[in-house]
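Written below as structure tokens is the structure these notes are about.
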Amino acid sequence: MDTYYTLAAPSEAVFTEKRSRFLSFAFPVSTREQAREEVRRISKEYFDARHVCWAFMLGAERLDFLSTDNGEPSGTAGKPILGQINSYNLTDIIIIVVRYFGGIKLGTPGLIAAYREAARMAIEAGEIVECHRKELLEFTFPYLAMNDVMRIVKSADVEVLGQTFDNSCSMTLSMRADIFPEISGRILAIDGVTPRE
């Protein structure tokens with residue numbers, strides 16, 4: 001579960017079926033609050049729409065997800081949107097589909113197909129990127145260990161999120177989960193280095 005897929009940036013598409021317009025929006029998000037904020041924003045912007053339906057998936061393990069039909073018949077909107085997220089194996093994403101009713105009823109199969117297609121088009125309009133699950137290492141070390149620590153940090157594929165250099169130094173590193181055991185083991189083996197809780 002070290003690798004997962006999401007969108008590089010927001011994307012959108014428009015799908016029309018029997019005069020009903022479906023505006024679909026896909027956003028990369030990493031928390032439920034970010035997902036809800038996008039729903040609030042789109043709902044406010046398209047306040048005159050009949051339905052604003054959505055689904056999200058969060059986390060590298062893809063275990064945190066939710067969908068809503070927002071007044072459409074049960075299972076005709078949120079589930080097909082979530083189904084597209086699953087079929088592309090995406091996470092850390094919310095897809096919102098705004099429907100403007102065109103006067104002709106689509107029926108249950110028609111709604112499912114329309115929401116599925118609108119979600120697919122929003123995904124296809126974006127760029128899918130491969131991401132790696134990250135882990136943090138926070139530690140302190142004496143100034144005398146600086147050279148040993150920096151040698152490992154510079155040679156490894158790690159990101160320095162924070163550092164302080166004084167008599168007692170500290171550092172926060174972010175790295176891919178698959179290299180975490182090796183890099184953290186090498187750093188923590190340096191004399192005087194202690195992990196921060």
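Here's how to read the names in the structure tokens: chain A, B, ... by the order shown, residue numbers from 1 in each chain, ligand numbers from 1 in the order shown.
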Any chance you could list, as number ranges by chain, the residues in region 32-185 of chain A that come up alpha helix (DSSP H) when DSSP is run on the backbone?
A: 32-45, 78-87, 107-125, 146-155, 180-185
Set the distance at 8 Å and use only C-alpha atoms: which residues neighbour Asn70 (chain A) once local chain neighbours fewer than 3 positions away are removed? I'd like the list as a PDB file with C-alpha atoms, in the first residue's frame.
ATOM      1  CA  HIS A  51     -28.904  18.276  -7.396  1.00  0.00           C
ATOM      2  CA  VAL A  52     -25.291  18.423  -6.201  1.00  0.00           C
ATOM      3  CA  CYS A  53     -24.151  14.803  -5.785  1.00  0.00           C
TER       4      CYS A  53
END
Taking 6 positions as the minimum chain separation for residues in the same chain, which residues sit within 9 Å of Phe15 (chain A) when counting only C-alpha atoms? Answer as a PDB file with all heavy atoms, in the first residue's frame.
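Output file around.pdb is given in full below:
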ATOM      1  N   ARG A  21     -28.165  18.781 -17.900  1.00  0.00           N
ATOM      2  CA  ARG A  21     -26.734  19.060 -17.944  1.00  0.00           C
ATOM      3  C   ARG A  21     -26.087  18.596 -16.650  1.00  0.00           C
ATOM      4  O   ARG A  21     -26.568  18.890 -15.560  1.00  0.00           O
ATOM      5  CB  ARG A  21     -26.476  20.561 -18.148  1.00  0.00           C
ATOM      6  CG  ARG A  21     -26.750  20.983 -19.592  1.00  0.00           C
ATOM      7  CD  ARG A  21     -26.528  22.477 -19.815  1.00  0.00           C
ATOM      8  NE  ARG A  21     -25.112  22.840 -19.698  1.00  0.00           N
ATOM      9  CZ  ARG A  21     -24.649  23.780 -18.894  1.00  0.00           C
ATOM     10  NH1 ARG A  21     -25.456  24.459 -18.121  1.00  0.00           N
ATOM     11  NH2 ARG A  21     -23.368  24.065 -18.881  1.00  0.00           N
ATOM     12  N   PHE A  22     -25.000  17.875 -16.796  1.00  0.00           N
ATOM     13  CA  PHE A  22     -24.244  17.373 -15.651  1.00  0.00           C
ATOM     14  C   PHE A  22     -22.864  18.024 -15.694  1.00  0.00           C
ATOM     15  O   PHE A  22     -22.084  17.777 -16.609  1.00  0.00           O
ATOM     16  CB  PHE A  22     -24.105  15.847 -15.727  1.00  0.00           C
ATOM     17  CG  PHE A  22     -25.411  15.111 -15.624  1.00  0.00           C
ATOM     18  CD1 PHE A  22     -26.212  14.934 -16.757  1.00  0.00           C
ATOM     19  CD2 PHE A  22     -25.846  14.597 -14.414  1.00  0.00           C
ATOM     20  CE1 PHE A  22     -27.412  14.252 -16.676  1.00  0.00           C
ATOM     21  CE2 PHE A  22     -27.053  13.916 -14.322  1.00  0.00           C
ATOM     22  CZ  PHE A  22     -27.840  13.741 -15.446  1.00  0.00           C
ATOM     23  N   LEU A  23     -22.595  18.893 -14.716  1.00  0.00           N
ATOM     24  CA  LEU A  23     -21.283  19.535 -14.591  1.00  0.00           C
ATOM     25  C   LEU A  23     -20.493  18.731 -13.562  1.00  0.00           C
ATOM     26  O   LEU A  23     -20.921  18.621 -12.414  1.00  0.00           O
ATOM     27  CB  LEU A  23     -21.418  20.982 -14.135  1.00  0.00           C
ATOM     28  CG  LEU A  23     -22.479  21.849 -14.833  1.00  0.00           C
ATOM     29  CD1 LEU A  23     -22.508  23.242 -14.233  1.00  0.00           C
ATOM     30  CD2 LEU A  23     -22.215  21.924 -16.323  1.00  0.00           C
ATOM     31  N   SER A  24     -19.377  18.179 -13.970  1.00  0.00           N
ATOM     32  CA  SER A  24     -18.615  17.340 -13.036  1.00  0.00           C
ATOM     33  C   SER A  24     -17.272  17.984 -12.710  1.00  0.00           C
ATOM     34  O   SER A  24     -16.604  18.549 -13.574  1.00  0.00           O
ATOM     35  CB  SER A  24     -18.418  15.936 -13.606  1.00  0.00           C
ATOM     36  OG  SER A  24     -17.848  15.987 -14.892  1.00  0.00           O
ATOM     37  N   ALA A 114     -25.697   8.368 -16.534  1.00  0.00           N
ATOM     38  CA  ALA A 114     -25.307   9.775 -16.690  1.00  0.00           C
ATOM     39  C   ALA A 114     -24.309  10.204 -15.614  1.00  0.00           C
ATOM     40  O   ALA A 114     -23.296  10.857 -15.914  1.00  0.00           O
ATOM     41  CB  ALA A 114     -26.548  10.669 -16.651  1.00  0.00           C
ATOM     42  N   TYR A 115     -24.574   9.836 -14.345  1.00  0.00           N
ATOM     43  CA  TYR A 115     -23.645  10.216 -13.277  1.00  0.00           C
ATOM     44  C   TYR A 115     -22.305   9.493 -13.445  1.00  0.00           C
ATOM     45  O   TYR A 115     -21.233  10.063 -13.200  1.00  0.00           O
ATOM     46  CB  TYR A 115     -24.251   9.947 -11.893  1.00  0.00           C
ATOM     47  CG  TYR A 115     -25.166  11.065 -11.450  1.00  0.00           C
ATOM     48  CD1 TYR A 115     -26.547  10.941 -11.537  1.00  0.00           C
ATOM     49  CD2 TYR A 115     -24.648  12.263 -10.967  1.00  0.00           C
ATOM     50  CE1 TYR A 115     -27.392  11.977 -11.143  1.00  0.00           C
ATOM     51  CE2 TYR A 115     -25.476  13.307 -10.573  1.00  0.00           C
ATOM     52  CZ  TYR A 115     -26.847  13.157 -10.661  1.00  0.00           C
ATOM     53  OH  TYR A 115     -27.671  14.190 -10.276  1.00  0.00           O
ATOM     54  N   GLU A 117     -20.961   8.534 -16.296  1.00  0.00           N
ATOM     55  CA  GLU A 117     -20.258   9.157 -17.431  1.00  0.00           C
ATOM     56  C   GLU A 117     -19.692  10.528 -17.050  1.00  0.00           C
ATOM     57  O   GLU A 117     -18.565  10.874 -17.409  1.00  0.00           O
ATOM     58  CB  GLU A 117     -21.201   9.279 -18.626  1.00  0.00           C
ATOM     59  CG  GLU A 117     -20.576   9.888 -19.863  1.00  0.00           C
ATOM     60  CD  GLU A 117     -19.405   9.092 -20.443  1.00  0.00           C
ATOM     61  OE1 GLU A 117     -19.155   7.946 -20.009  1.00  0.00           O
ATOM     62  OE2 GLU A 117     -18.716   9.631 -21.334  1.00  0.00           O
ATOM     63  N   ALA A 118     -20.463  11.312 -16.311  1.00  0.00           N
ATOM     64  CA  ALA A 118     -19.988  12.640 -15.882  1.00  0.00           C
ATOM     65  C   ALA A 118     -18.745  12.502 -15.007  1.00  0.00           C
ATOM     66  O   ALA A 118     -17.769  13.252 -15.167  1.00  0.00           O
ATOM     67  CB  ALA A 118     -21.101  13.377 -15.141  1.00  0.00           C
ATOM     68  N   MET A 121     -15.738  11.429 -17.145  1.00  0.00           N
ATOM     69  CA  MET A 121     -15.217  12.538 -17.948  1.00  0.00           C
ATOM     70  C   MET A 121     -14.363  13.497 -17.114  1.00  0.00           C
ATOM     71  O   MET A 121     -13.350  14.012 -17.595  1.00  0.00           O
ATOM     72  CB  MET A 121     -16.378  13.281 -18.615  1.00  0.00           C
ATOM     73  CG  MET A 121     -17.011  12.490 -19.754  1.00  0.00           C
ATOM     74  SD  MET A 121     -18.519  13.266 -20.401  1.00  0.00           S
ATOM     75  CE  MET A 121     -17.849  14.751 -21.157  1.00  0.00           C
TER      76      MET A 121
END
Applying 12 Å and only C-alpha atoms, which residues near Gly107 (chain A) remain after dropping the ones on its own chain fewer than 3 positions away? List them as a VMD selection string.
chain A and resid 17 to 18 72 to 74 76 to 77 104 110 to 114
For those residues, write N, CA, C and O atoms to a file as a CSV table (one decimal), in the first residue's frame.
chain,number,residue,atom,x,y,z
A,17,GLU,N,-27.4,14.9,-21.2
A,17,GLU,CA,-28.3,13.7,-21.6
A,17,GLU,C,-29.7,14.2,-21.5
A,17,GLU,O,-30.2,14.6,-20.5
A,18,LYS,N,-30.4,14.1,-22.7
A,18,LYS,CA,-31.8,14.4,-22.8
A,18,LYS,C,-32.1,15.8,-22.1
A,18,LYS,O,-33.0,15.9,-21.3
A,72,GLU,N,-31.5,12.6,-5.5
A,72,GLU,CA,-31.8,11.7,-6.6
A,72,GLU,C,-32.2,10.4,-6.0
A,72,GLU,O,-32.0,10.1,-4.8
A,73,PRO,N,-32.9,9.5,-6.8
A,73,PRO,CA,-33.3,8.2,-6.2
A,73,PRO,C,-32.1,7.5,-5.7
A,73,PRO,O,-31.0,7.6,-6.2
A,74,SER,N,-32.3,6.7,-4.6
A,74,SER,CA,-31.2,6.1,-3.9
A,74,SER,C,-30.4,5.2,-4.8
A,74,SER,O,-30.9,4.4,-5.6
A,76,THR,N,-28.5,6.1,-7.4
A,76,THR,CA,-28.4,6.5,-8.8
A,76,THR,C,-27.3,7.6,-9.1
A,76,THR,O,-27.0,7.8,-10.2
A,77,ALA,N,-26.8,8.2,-8.0
A,77,ALA,CA,-25.8,9.2,-8.2
A,77,ALA,C,-24.5,9.0,-7.5
A,77,ALA,O,-23.4,8.8,-8.1
A,104,ILE,N,-36.8,16.3,-19.0
A,104,ILE,CA,-37.1,14.9,-19.4
A,104,ILE,C,-36.5,14.0,-18.4
A,104,ILE,O,-35.3,14.0,-18.1
A,110,GLY,N,-31.0,5.4,-16.6
A,110,GLY,CA,-30.4,6.6,-17.2
A,110,GLY,C,-29.6,7.5,-16.3
A,110,GLY,O,-28.6,8.1,-16.7
A,111,LEU,N,-30.1,7.7,-15.1
A,111,LEU,CA,-29.4,8.5,-14.1
A,111,LEU,C,-28.1,7.8,-13.7
A,111,LEU,O,-27.1,8.5,-13.7
A,112,ILE,N,-28.1,6.6,-13.5
A,112,ILE,CA,-26.9,5.8,-13.1
A,112,ILE,C,-25.8,6.0,-14.2
A,112,ILE,O,-24.7,6.4,-14.0
A,113,ALA,N,-26.2,5.8,-15.5
A,113,ALA,CA,-25.3,6.0,-16.6
A,113,ALA,C,-24.8,7.4,-16.7
A,113,ALA,O,-23.6,7.6,-17.0
A,114,ALA,N,-25.7,8.4,-16.5
A,114,ALA,CA,-25.3,9.8,-16.7
A,114,ALA,C,-24.3,10.2,-15.6
A,114,ALA,O,-23.3,10.9,-15.9
Which residues come within 10 Å of region 54-60 of chain A, counting only C-alpha atoms, excluding same-chain residues fewer than 5 positions away, as an MDAnalysis selection string?
chainID A and resid 1:6 24:32 35:36 39 65:70 77:86 89:98 115 119 131:134
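When only C-alpha atoms are used to measure the gap to Tyr46 (chain A), the shortest distance among A:Phe141, A:Leu136, A:Ile179, A:Tyr100 belongs to A:Tyr100.
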Could you give me, as a PyMOL selection string, each residue of region 116-145 of chain A that DSSP assigns to strand (DSSP E or B) when run on this structure's backbone?
chain A and resi 128-132+134-142
Nearest to Arg176 (chain A): which of A:Glu138, A:Arg116, A:Leu106, A:Val158 is it, counting only C-alpha atoms?
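Looking at the shortest contact to Arg176 (chain A), the residue is A:Val158.
The space separating CA of Glu135 (chain A) from CA of Tyr88 (chain A) comes to 25.0 Å.
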What is the distance between CA of Leu188 (chain A) and CA of Asp148 (chain A), in Å to one decimal?
10.8 Å
Do you know which residues are at most 8 Å from Ile183 (chain A) counting only C-alpha atoms, after dropping those on the same chain fewer than 4 positions away, and could you put them as a list in words?
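Selected residues are Ile152, Ala156, Ile179 and Ile187 of chain A.
CA of Asp157 (chain A) lies 28.6 Å from CA of Asp64 (chain A).
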Excluding Ser168 (chain A) and any residue of its chain fewer than 2 positions from it, enumerate the residues within 8 Å of it, using only C-alpha atoms, and give them as a PyMOL selection string.
chain A and resi 140-143+165-166+170
Please dump the current selection as an mmCIF file, in the first residue's frame; keep C-alpha atoms.
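Just written: out.cif:
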data_model
loop_
_atom_site.group_PDB
_atom_site.id
_atom_site.type_symbol
_atom_site.label_atom_id
_atom_site.label_comp_id
_atom_site.auth_asym_id
_atom_site.auth_seq_id
_atom_site.Cartn_x
_atom_site.Cartn_y
_atom_site.Cartn_z
ATOM 1 C CA THR A 140 17.214 15.331 18.105
ATOM 2 C CA PHE A 141 20.984 15.055 17.970
ATOM 3 C CA PRO A 142 24.069 16.758 19.405
ATOM 4 C CA TYR A 143 25.839 19.309 17.221
ATOM 5 C CA PHE A 165 20.816 23.824 14.691
ATOM 6 C CA ASP A 166 22.076 24.774 18.132
ATOM 7 C CA SER A 170 16.545 18.691 15.800
#
Looking at A:Gln163, A:Thr172, A:Ser11, A:Ser155, which one is nearest to Arg186 (chain A), with distances taken over only C-alpha atoms?
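With only C-alpha atoms as the atom set, the closest residue is A:Ser155.
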